[in-house]
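Below is upload-v1.csv, which holds CSV, C-alpha atoms.
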chain,number,residue,atom,x,y,z
V,1,MET,CA,110.2,75.4,117.3
V,2,HIS,CA,108.1,78.5,118.1
V,3,GLU,CA,108.8,78.4,121.9
V,4,LEU,CA,112.6,78.2,121.6
V,5,GLY,CA,112.6,81.2,119.3
V,6,ILE,CA,110.7,83.2,121.8
V,7,VAL,CA,112.9,82.1,124.6
V,8,THR,CA,116.0,83.3,122.8
V,9,HIS,CA,114.3,86.8,122.4
V,10,VAL,CA,113.4,86.8,126.2
V,11,ALA,CA,117.1,86.0,127.0
V,12,LYS,CA,118.4,88.7,124.7
V,13,THR,CA,116.1,91.3,126.2
V,14,LEU,CA,117.1,90.3,129.8
V,15,ASP,CA,120.8,90.4,129.0
V,16,GLU,CA,120.3,94.0,127.9
V,17,VAL,CA,118.2,94.8,131.0
V,18,ALA,CA,120.9,93.2,133.2
V,19,GLU,CA,123.6,95.4,131.7
V,20,GLU,CA,121.6,98.6,132.0
V,21,ASN,CA,120.7,97.9,135.6
V,22,LYS,CA,124.0,96.4,136.8
V,23,ILE,CA,122.3,93.1,137.6
V,24,THR,CA,124.5,90.2,138.7
V,25,ARG,CA,121.9,87.5,139.0
V,26,ILE,CA,118.3,87.0,138.0
V,27,GLY,CA,116.3,84.8,140.4
V,28,SER,CA,113.0,84.7,138.5
V,29,VAL,CA,111.3,86.0,135.4
V,30,THR,CA,107.5,86.5,135.3
V,31,LEU,CA,106.0,86.4,131.8
V,32,GLN,CA,102.4,87.3,130.9
V,33,ILE,CA,101.2,85.0,128.2
V,34,GLY,CA,97.9,85.4,126.4
V,35,GLU,CA,95.6,82.4,126.2
V,36,VAL,CA,95.6,82.4,122.4
V,37,SER,CA,99.2,83.6,121.8
V,38,GLY,CA,100.0,80.1,120.5
V,39,ILE,CA,102.6,79.5,123.2
V,40,ILE,CA,102.5,76.1,124.9
V,41,ASN,CA,103.6,76.8,128.5
V,42,ASP,CA,105.1,73.4,129.2
V,43,TYR,CA,107.3,73.5,126.1
V,44,PHE,CA,108.1,77.1,126.9
V,45,VAL,CA,109.4,76.3,130.4
V,46,ASP,CA,111.4,73.3,129.0
V,47,CYS,CA,113.0,75.5,126.4
V,48,TRP,CA,113.8,78.1,129.1
V,49,ASP,CA,115.4,75.6,131.4
V,50,TYR,CA,117.6,74.4,128.5
V,51,PHE,CA,118.5,77.8,127.1
V,52,LYS,CA,119.0,79.8,130.4
V,53,LYS,CA,122.3,77.9,131.1
V,54,LYS,CA,123.9,79.6,128.1
V,55,HIS,CA,123.4,83.0,129.8
V,56,PRO,CA,125.4,83.3,133.1
V,57,VAL,CA,123.1,86.0,134.6
V,58,LEU,CA,120.0,83.8,133.9
V,59,ALA,CA,121.4,80.4,134.8
V,60,ASP,CA,119.3,80.1,138.1
V,61,ALA,CA,116.3,82.0,136.9
V,62,GLU,CA,112.9,80.4,137.5
V,63,MET,CA,110.3,81.0,134.8
V,64,LYS,CA,106.9,82.0,136.2
V,65,ILE,CA,104.0,82.3,133.8
V,66,GLU,CA,100.8,84.3,134.2
V,67,ILE,CA,98.0,83.5,131.8
V,68,ILE,CA,95.9,86.3,130.4
V,69,PRO,CA,92.4,85.1,129.4
V,70,ALA,CA,91.4,85.8,125.8
V,71,VAL,CA,88.4,88.1,125.2
V,72,THR,CA,86.8,88.9,121.9
V,73,TYR,CA,84.8,92.0,121.1
V,74,CYS,CA,81.8,91.9,118.7
V,75,GLU,CA,81.4,95.0,116.5
V,76,ASP,CA,77.8,94.4,115.7
V,77,CYS,CA,76.2,93.8,119.1
V,78,ARG,CA,79.1,95.4,121.1
V,79,SER,CA,79.4,92.6,123.6
V,80,GLU,CA,82.5,90.8,124.9
V,81,TYR,CA,82.9,87.1,125.1
V,82,GLU,CA,85.3,84.3,125.9
V,83,THR,CA,87.5,83.6,122.8
V,84,VAL,CA,88.5,80.1,123.6
V,85,LYS,CA,84.9,78.9,124.2
V,86,TYR,CA,83.2,80.6,121.2
V,87,GLY,CA,86.0,81.4,118.6
V,88,LYS,CA,85.5,83.9,115.8
V,89,ILE,CA,81.7,83.9,115.7
V,90,CYS,CA,79.8,86.0,118.3
V,91,PRO,CA,77.7,83.7,120.5
V,92,HIS,CA,75.1,86.5,121.0
V,93,CYS,CA,74.3,87.7,117.5
V,94,HIS,CA,76.4,85.2,115.3
V,95,SER,CA,78.3,88.0,113.6
V,96,GLU,CA,81.7,87.4,112.1
V,97,ARG,CA,82.8,91.0,112.6
V,98,THR,CA,84.7,90.4,115.8
V,99,TRP,CA,88.1,91.3,117.1
V,100,LEU,CA,90.4,90.0,119.7
V,101,LEU,CA,90.6,92.4,122.6
V,102,ARG,CA,93.3,90.6,124.6
V,103,GLY,CA,94.8,87.2,124.9
V,104,ASN,CA,97.6,87.5,122.3
V,105,GLU,CA,100.2,89.0,124.7
V,106,CYS,CA,103.7,87.9,125.4
V,107,THR,CA,105.2,90.3,127.8
V,108,ILE,CA,108.0,90.2,130.4
V,109,LYS,CA,106.2,91.6,133.5
V,110,GLU,CA,108.9,91.6,136.0
V,111,ILE,CA,112.1,90.0,137.3
V,112,GLU,CA,113.6,89.3,140.7
V,113,ALA,CA,117.2,90.3,140.6
V,114,GLU,CA,120.4,91.0,142.6
V,115,THR,CA,122.4,94.1,141.6
V,116,GLN,CA,125.9,95.2,142.3
V,117,GLU,CA,125.0,97.9,144.8
W,1,MET,CA,116.7,90.2,145.5
W,2,LYS,CA,114.6,93.1,144.4
W,3,VAL,CA,111.7,93.1,142.0
W,4,ILE,CA,112.1,95.1,138.8
W,5,GLU,CA,109.0,95.8,136.8
W,6,LEU,CA,109.7,95.7,133.1
W,7,HIS,CA,106.4,95.3,131.1
W,8,LYS,CA,108.4,94.8,128.0
W,9,SER,CA,107.2,93.0,125.0
W,10,VAL,CA,109.2,89.8,124.3
W,11,THR,CA,109.9,91.1,120.8
W,12,ASP,CA,111.2,94.5,122.1
W,13,SER,CA,114.9,93.9,121.4
W,14,ASN,CA,114.2,92.5,118.0
W,15,ASP,CA,111.8,95.4,117.2
W,16,ARG,CA,114.6,97.9,117.9
W,17,ASP,CA,117.1,95.9,115.9
W,18,ALA,CA,114.7,95.7,113.0
W,19,ASP,CA,114.2,99.5,113.1
W,20,ARG,CA,118.0,100.0,112.9
W,21,LEU,CA,118.3,97.6,109.9
W,22,ARG,CA,115.4,99.4,108.1
W,23,ALA,CA,117.2,102.7,108.6
W,24,GLU,CA,120.5,101.3,107.2
W,25,MET,CA,118.7,99.8,104.2
W,26,LYS,CA,117.0,103.2,103.6
W,27,GLU,CA,120.4,104.9,103.8
W,28,ALA,CA,121.8,102.4,101.3
W,29,GLY,CA,118.8,102.8,99.0
W,30,VAL,CA,118.1,99.1,98.9
W,31,LEU,CA,114.5,98.0,99.3
W,32,LEU,CA,114.2,94.8,101.4
W,33,ILE,CA,111.0,92.8,101.0
W,34,ASN,CA,110.1,90.0,103.3
W,35,ILE,CA,108.1,87.2,101.6
W,36,MET,CA,106.1,85.0,103.9
W,37,SER,CA,103.9,82.0,103.0
W,38,SER,CA,103.1,78.4,103.7
W,39,PRO,CA,105.5,75.8,102.2
W,40,GLY,CA,104.5,75.0,98.6
W,41,SER,CA,102.7,78.3,97.9
W,42,GLY,CA,105.0,78.9,94.9
W,43,LYS,CA,107.5,81.3,96.4
W,44,THR,CA,110.4,80.2,94.3
W,45,THR,CA,108.3,80.0,91.1
W,46,LEU,CA,107.1,83.5,91.7
W,47,LEU,CA,110.6,84.8,92.4
W,48,SER,CA,111.9,83.2,89.2
W,49,SER,CA,109.2,84.8,87.1
W,50,THR,CA,109.7,88.1,88.9
W,51,ILE,CA,113.5,88.1,88.2
W,52,LYS,CA,112.8,87.3,84.5
W,53,GLY,CA,110.2,90.2,84.4
W,54,MET,CA,112.6,92.7,85.9
W,55,PRO,CA,115.7,92.4,83.8
W,56,GLU,CA,117.0,96.0,84.6
W,57,THR,CA,116.7,95.5,88.4
W,58,ARG,CA,119.6,94.1,90.4
W,59,ILE,CA,117.9,91.5,92.6
W,60,ALA,CA,119.4,89.5,95.5
W,61,VAL,CA,117.6,86.7,97.4
W,62,LEU,CA,118.1,85.5,100.9
W,63,GLU,CA,116.7,81.9,101.1
W,64,ALA,CA,115.7,81.0,104.6
W,65,ASP,CA,113.6,78.0,104.0
W,66,ILE,CA,115.8,75.3,102.4
W,67,ASP,CA,118.0,72.5,103.6
W,68,SER,CA,119.6,72.0,100.2
W,69,ALA,CA,121.0,74.5,97.7
W,70,VAL,CA,118.3,73.6,95.1
W,71,ASP,CA,116.3,76.9,95.4
W,72,ALA,CA,119.4,79.1,95.6
W,73,GLU,CA,120.9,77.5,92.5
W,74,LYS,CA,117.7,78.0,90.6
W,75,ILE,CA,117.7,81.7,91.5
W,76,GLU,CA,121.4,82.1,90.7
W,77,SER,CA,120.9,80.5,87.3
W,78,LEU,CA,118.6,83.4,86.4
W,79,GLY,CA,121.3,85.9,87.1
W,80,ALA,CA,120.3,87.1,90.6
W,81,LYS,CA,122.5,86.8,93.7
W,82,ALA,CA,121.3,84.2,96.2
W,83,VAL,CA,122.5,83.2,99.6
W,84,GLN,CA,121.1,80.6,102.1
W,85,VAL,CA,120.5,81.6,105.6
W,86,HIS,CA,120.4,79.1,108.4
W,87,THR,CA,117.8,79.7,111.1
W,88,ASP,CA,119.3,77.0,113.4
W,89,GLY,CA,116.0,75.2,113.7
W,90,MET,CA,114.0,78.3,114.4
W,91,CYS,CA,110.6,78.8,112.8
W,92,HIS,CA,111.2,82.4,111.7
W,93,MET,CA,113.8,84.9,110.6
W,94,ASP,CA,114.5,87.8,113.0
W,95,ALA,CA,116.3,91.1,112.3
W,96,GLY,CA,119.6,89.8,113.5
W,97,MET,CA,119.6,86.8,111.2
W,98,THR,CA,118.4,89.0,108.3
W,99,ARG,CA,121.3,91.4,108.9
W,100,ALA,CA,123.8,88.6,109.0
W,101,GLY,CA,122.5,87.2,105.7
W,102,LEU,CA,122.5,90.6,104.0
W,103,GLU,CA,126.0,91.5,105.2
W,104,GLY,CA,127.3,88.0,104.2
W,105,MET,CA,126.0,88.4,100.7
W,106,GLY,CA,126.8,92.1,100.2
W,107,PHE,CA,124.1,94.5,99.0
W,108,GLU,CA,126.0,97.5,97.7
W,109,ASP,CA,125.2,96.7,94.1
W,110,VAL,CA,121.6,95.6,94.7
W,111,ASP,CA,118.3,97.5,94.0
W,112,LEU,CA,115.9,94.9,95.5
W,113,ALA,CA,116.7,92.4,98.2
W,114,VAL,CA,114.2,89.7,98.8
W,115,LEU,CA,114.0,87.6,102.0
W,116,GLU,CA,112.3,84.3,101.5
W,117,ASN,CA,111.1,83.7,105.1
W,118,VAL,CA,110.6,80.3,106.6
W,119,GLY,CA,107.4,78.6,105.2
W,120,ASN,CA,104.9,79.2,108.0
W,121,LEU,CA,102.0,81.5,108.5
W,122,ILE,CA,102.3,82.2,112.2
W,123,CYS,CA,105.8,83.0,113.6
W,124,PRO,CA,107.2,85.0,110.7
W,125,ALA,CA,104.4,87.5,111.2
W,126,GLU,CA,105.4,88.1,114.9
W,127,PHE,CA,109.0,89.0,114.3
W,128,ASP,CA,110.0,92.1,112.4
W,129,THR,CA,112.8,91.4,110.0
W,130,GLY,CA,113.6,95.0,109.3
W,131,ALA,CA,112.1,94.7,105.8
W,132,GLY,CA,110.7,97.9,104.1
W,133,LYS,CA,107.7,95.9,102.8
W,134,ASN,CA,106.1,92.7,103.9
W,135,VAL,CA,104.5,90.5,101.3
W,136,MET,CA,102.4,87.4,101.8
W,137,ILE,CA,101.7,84.7,99.2
W,138,LEU,CA,98.6,82.7,99.5
W,139,SER,CA,98.1,80.0,96.8
W,140,ILE,CA,94.5,79.2,95.8
W,141,THR,CA,95.0,75.6,96.7
W,142,GLU,CA,95.3,76.6,100.4
W,143,GLY,CA,91.7,77.9,100.5
W,144,ASP,CA,89.9,81.3,100.8
W,145,ASP,CA,89.5,80.8,104.6
W,146,LYS,CA,93.1,81.5,105.5
W,147,PRO,CA,92.5,85.2,106.5
W,148,LEU,CA,90.2,83.8,109.2
W,149,LYS,CA,92.8,81.4,110.5
W,150,TYR,CA,96.0,83.4,110.4
W,151,PRO,CA,94.8,87.0,110.9
W,152,LEU,CA,98.1,88.5,112.1
W,153,MET,CA,99.9,87.5,108.8
W,154,PHE,CA,97.3,89.4,106.8
W,155,GLU,CA,97.4,92.4,109.2
W,156,THR,CA,101.2,92.8,109.0
W,157,SER,CA,101.5,92.4,105.2
W,158,ASP,CA,101.6,95.4,102.8
W,159,ALA,CA,100.8,93.2,99.8
W,160,LEU,CA,99.1,89.9,99.3
W,161,VAL,CA,99.9,87.8,96.2
W,162,ILE,CA,97.2,85.2,95.5
W,163,SER,CA,99.1,82.7,93.5
W,164,LYS,CA,98.4,79.8,91.1
W,165,ILE,CA,95.2,81.4,89.7
W,166,ASP,CA,95.7,79.2,86.6
W,167,ALA,CA,94.3,76.4,88.8
W,168,LEU,CA,91.1,78.3,89.8
W,169,PRO,CA,88.8,76.2,87.6
W,170,TYR,CA,89.8,73.1,89.6
W,171,PHE,CA,89.5,74.4,93.1
W,172,ASN,CA,86.6,75.7,95.3
W,173,PHE,CA,88.3,79.1,95.9
W,174,ASP,CA,86.1,82.2,96.3
W,175,MET,CA,88.3,85.1,95.2
W,176,GLU,CA,85.8,87.8,96.2
W,177,LYS,CA,85.4,86.3,99.6
W,178,CYS,CA,89.1,85.9,100.2
W,179,MET,CA,89.8,89.5,99.2
W,180,GLU,CA,87.0,90.8,101.4
W,181,ARG,CA,88.3,88.8,104.4
W,182,ALA,CA,91.8,90.1,103.8
W,183,ARG,CA,90.7,93.7,103.5
W,184,ARG,CA,88.5,93.5,106.6
W,185,LEU,CA,91.7,92.7,108.5
W,186,ASN,CA,93.9,95.2,106.6
W,187,PRO,CA,92.0,97.9,104.6
W,188,ASP,CA,95.3,99.1,103.0
W,189,ILE,CA,96.6,95.7,101.7
W,190,GLN,CA,97.5,95.6,98.0
W,191,ILE,CA,96.2,92.4,96.4
W,192,PHE,CA,97.7,90.7,93.3
W,193,PRO,CA,96.0,87.6,92.0
W,194,LEU,CA,98.4,86.1,89.5
W,195,SER,CA,99.9,83.0,87.9
W,196,ALA,CA,103.7,82.9,87.8
W,197,LYS,CA,103.3,79.9,85.4
W,198,THR,CA,101.1,81.5,82.7
W,199,GLY,CA,102.2,85.1,83.5
W,200,GLU,CA,98.6,86.3,84.1
W,201,GLY,CA,98.6,89.2,86.6
W,202,MET,CA,102.4,89.4,86.8
W,203,ASP,CA,102.5,92.9,85.2
W,204,ALA,CA,100.6,94.5,88.1
W,205,TRP,CA,102.8,92.8,90.7
W,206,ILE,CA,106.0,93.9,88.9
W,207,SER,CA,104.8,97.5,88.5
W,208,TRP,CA,104.1,97.6,92.2
W,209,LEU,CA,107.6,96.4,92.9
W,210,HIS,CA,109.1,99.1,90.6
W,211,GLU,CA,107.0,101.8,92.3
W,212,GLU,CA,108.0,100.7,95.7
W,213,ILE,CA,111.7,100.5,94.8
W,214,ASN,CA,111.5,104.1,93.5
W,215,ARG,CA,109.6,105.3,96.5
W,216,TRP,CA,112.1,103.8,98.8
W,217,ARG,CA,114.9,105.6,97.0
W,218,GLU,CA,113.2,108.9,96.8
W,219,ASN,CA,112.9,109.2,100.6
W,220,SER,CA,116.4,108.0,101.3

For the file at hand, write its structure as structure tokens.
Amino acid sequence: MHELGIVTHVAKTLDEVAEENKITRIGSVTLQIGEVSGIINDYFVDCWDYFKKKHPVLADAEMKIEIIPAVTYCEDCRSEYETVKYGKICPHCHSERTWLLRGNECTIKEIEAETQE
Amino acid sequence: MKVIELHKSVTDSNDRDADRLRAEMKEAGVLLINIMSSPGSGKTTLLSSTIKGMPETRIAVLEADIDSAVDAEKIESLGAKAVQVHTDGMCHMDAGMTRAGLEGMGFEDVDLAVLENVGNLICPAEFDTGAGKNVMILSITEGDDKPLKYPLMFETSDALVISKIDALPYFNFDMEKCMERARRLNPDIQIFPLSAKTGEGMDAWISWLHEEINRWRENS
């Protein structure tokens, strides 16, 4: 499953962050997920709640998700439009020469944590 | 509790691991190629023909997409090394799993290591395996519209093999259009239309592999 794979990578990254920053417990993790990143949020949170128990420092961490709306840029008429609503074809000039500007992200924005000090 | 801002990509730790593995493979002078495709694109058939077409090259294959030993046995019967890698239900290989597979198999006496990634056009493109070159196979039976549907796969691949061209007369596959769509996403992509069954187009693919193996060694 796609979501579980990503969860394992988040946990690995946070284990490293915890070690670097002498973190004893992480209370919450905020992830920024693009609208067209292919991640299903409900599955993702379920996978997180299952997997976090395997990492002592993450065991109580709540997963918070912020959605980044997807925006596509049209090279021909230089306009920006909503990706989810119109897809690959520009709604203004019907060009196919379009690129995703944002909406494919999967970034760990911030964590709430307790440290040793 | 205090807030720590990270702004780290989820794939951050894997990306660093992949860079380390790439450097180690460079040091060892072994070119690792990561082959990605849909299930049924003809990966194993292409590999079999490639092994036969490169008799002087010592090839090892990491098979990530099988639940039996059928593919691995087929590869071994051709004289190449083969090992199965378990992804534990995961939809892709990452650098850590690739490293474990390579170390388990041993690659000291190998010129070319081939990772047969999990059959899927989405997740394998997102996770760097540490390979020196990424190759994607698209069979003509899948359709010429795939660059539009799975752009990241085409963007991250150094080479695109368009397989099963012996079946072109029976399918509505527009070769020109497919190549144009792939090049629009990735202007540097090398494209090899071929049939592993009839051998058509295999020479160009094998020459490219030889060149890349030599280039990998020169800089190591």

Interatomic distance between atom CA of Glu56 of chain W and atom CA of Asp111 of chain W?
->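 We find that atom CA of Glu56 of chain W and atom CA of Asp111 of chain W lie 9.6 Å from each other.
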
Residue list for chain V near chain W as a PyMOL selection string, 10 Å, all atoms listed in the file = chain V and resi 1-14+16-17+21+25-32+38+88+96-97+99+105-115

Nearest to Ser79 of chain V by atom-to-atom distance, counting only C-alpha atoms, from V:Ile40, V:Leu101, V:Leu58, V:Met63 | V:Leu101

note - atom CA of Ala80 of chain W and atom CA of Ala60 of chain W are separated by 5.5 Å
